[in-house]
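Engineer: Got a structure here, written out as structure tokens. Questions coming.
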Amino acid sequence: MTNDSCITIIKHLNRIQGQIDALKGYLETERPCEDVAHLTRSILTSFASVRASIIEETLTKELQRRKLQPKEIERLHSVLTLYKS
């Protein structure tokens, strides 16, 4: 992975860690189940985004290594973007 990609992912993981810390606080203070459910959903969504970014970076590098035409890479990148949204 590129250094910029790693920095971005680490920042995202730090935000997720903050969400997890907040979730612990929710549980310790017996927040309503709805609040816990919303926060856990947010954590899952955030982690899925990190996972997708890592997969995208890995596949993009592999496609570039295989020397595909830029148009082919762009088409495949579009498909990845659809899965991320």
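Identifiers in this document derive from the order of the structure tokens: chains are assigned A, B, ..., residues are numbered from 1 separately in each chain, and ligands are numbered from 1 in order of occurrence.
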What's the 12 Å shell around Thr2 of chain A, counting only C-alpha atoms, without same-chain residues fewer than 6 positions away, as a count of residues only?

Structural biologist: 8

Engineer: Write out as an MDAnalysis selection string the residues lying within 12 Å of segment 13-26 of chain A, counting only C-alpha atoms and excluding same-chain residues fewer than 3 positions away.

Structural biologist: chainID A and resid 6:10 29:51 53

Engineer: Could you turn the residues from that selection into a file that holds N, CA and C atoms, as a compact mmCIF listing (two decimals), in the first residue's frame?

Structural biologist:
# COMPACT_ATOMS: atom_id res chain seq x y z
N CYS A 6 -2.01 4.25 3.58
CA CYS A 6 -1.85 3.76 4.96
C CYS A 6 -2.24 4.84 5.96
N ILE A 7 -1.82 6.06 5.72
CA ILE A 7 -2.15 7.16 6.62
C ILE A 7 -3.66 7.37 6.68
N THR A 8 -4.31 7.34 5.53
CA THR A 8 -5.76 7.50 5.47
C THR A 8 -6.47 6.38 6.22
N ILE A 9 -6.03 5.16 6.03
CA ILE A 9 -6.65 4.02 6.70
C ILE A 9 -6.41 4.09 8.21
N ILE A 10 -5.22 4.47 8.62
CA ILE A 10 -4.94 4.59 10.06
C ILE A 10 -5.83 5.67 10.68
N THR A 29 -22.93 3.09 30.84
CA THR A 29 -23.94 4.02 31.36
C THR A 29 -25.36 3.58 31.03
N GLU A 30 -25.47 2.36 30.50
CA GLU A 30 -26.77 1.77 30.18
C GLU A 30 -27.63 2.66 29.29
N ARG A 31 -27.01 3.13 28.22
CA ARG A 31 -27.76 3.91 27.23
C ARG A 31 -28.84 3.04 26.62
N PRO A 32 -29.89 3.64 26.06
CA PRO A 32 -30.97 2.85 25.45
C PRO A 32 -30.45 1.95 24.33
N CYS A 33 -31.12 0.82 24.15
CA CYS A 33 -30.73 -0.15 23.12
C CYS A 33 -30.67 0.48 21.74
N GLU A 34 -31.57 1.42 21.46
CA GLU A 34 -31.58 2.07 20.14
C GLU A 34 -30.27 2.82 19.90
N ASP A 35 -29.78 3.50 20.95
CA ASP A 35 -28.51 4.23 20.80
C ASP A 35 -27.35 3.26 20.53
N VAL A 36 -27.34 2.15 21.27
CA VAL A 36 -26.31 1.14 21.09
C VAL A 36 -26.40 0.56 19.68
N ALA A 37 -27.61 0.28 19.23
CA ALA A 37 -27.81 -0.29 17.89
C ALA A 37 -27.32 0.67 16.81
N HIS A 38 -27.63 1.96 16.95
CA HIS A 38 -27.18 2.94 15.95
C HIS A 38 -25.66 3.03 15.91
N LEU A 39 -25.05 3.04 17.10
CA LEU A 39 -23.59 3.16 17.13
C LEU A 39 -22.91 1.90 16.61
N THR A 40 -23.44 0.73 16.94
CA THR A 40 -22.82 -0.50 16.42
C THR A 40 -22.96 -0.56 14.90
N ARG A 41 -24.08 -0.10 14.38
CA ARG A 41 -24.26 -0.06 12.92
C ARG A 41 -23.25 0.88 12.28
N SER A 42 -23.02 2.01 12.93
CA SER A 42 -22.06 2.98 12.43
C SER A 42 -20.64 2.39 12.43
N ILE A 43 -20.30 1.65 13.48
CA ILE A 43 -18.99 1.02 13.56
C ILE A 43 -18.83 -0.01 12.43
N LEU A 44 -19.86 -0.81 12.22
CA LEU A 44 -19.80 -1.81 11.15
C LEU A 44 -19.64 -1.15 9.78
N THR A 45 -20.36 -0.08 9.56
CA THR A 45 -20.27 0.63 8.28
C THR A 45 -18.88 1.22 8.09
N SER A 46 -18.34 1.80 9.15
CA SER A 46 -17.00 2.37 9.08
C SER A 46 -15.95 1.30 8.79
N PHE A 47 -16.06 0.18 9.46
CA PHE A 47 -15.09 -0.90 9.24
C PHE A 47 -15.22 -1.47 7.83
N ALA A 48 -16.45 -1.58 7.34
CA ALA A 48 -16.65 -2.05 5.96
C ALA A 48 -15.99 -1.11 4.97
N SER A 49 -16.03 0.18 5.26
CA SER A 49 -15.39 1.16 4.40
C SER A 49 -13.87 0.97 4.38
N VAL A 50 -13.29 0.73 5.55
CA VAL A 50 -11.84 0.47 5.63
C VAL A 50 -11.50 -0.78 4.84
N ARG A 51 -12.29 -1.81 5.05
CA ARG A 51 -12.06 -3.08 4.34
C ARG A 51 -12.12 -2.87 2.82
N SER A 53 -11.59 -0.13 1.16
CA SER A 53 -10.43 0.67 0.73
C SER A 53 -9.19 -0.20 0.57

Engineer: Write out as a list in words the residues lying within 7 Å of segment 69-85 of chain A, counting only C-alpha atoms and excluding same-chain residues fewer than 4 positions away.

Structural biologist: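 Listed by chain and then number, they are Ser49, Ala52, Glu56 and Leu63 of chain A.
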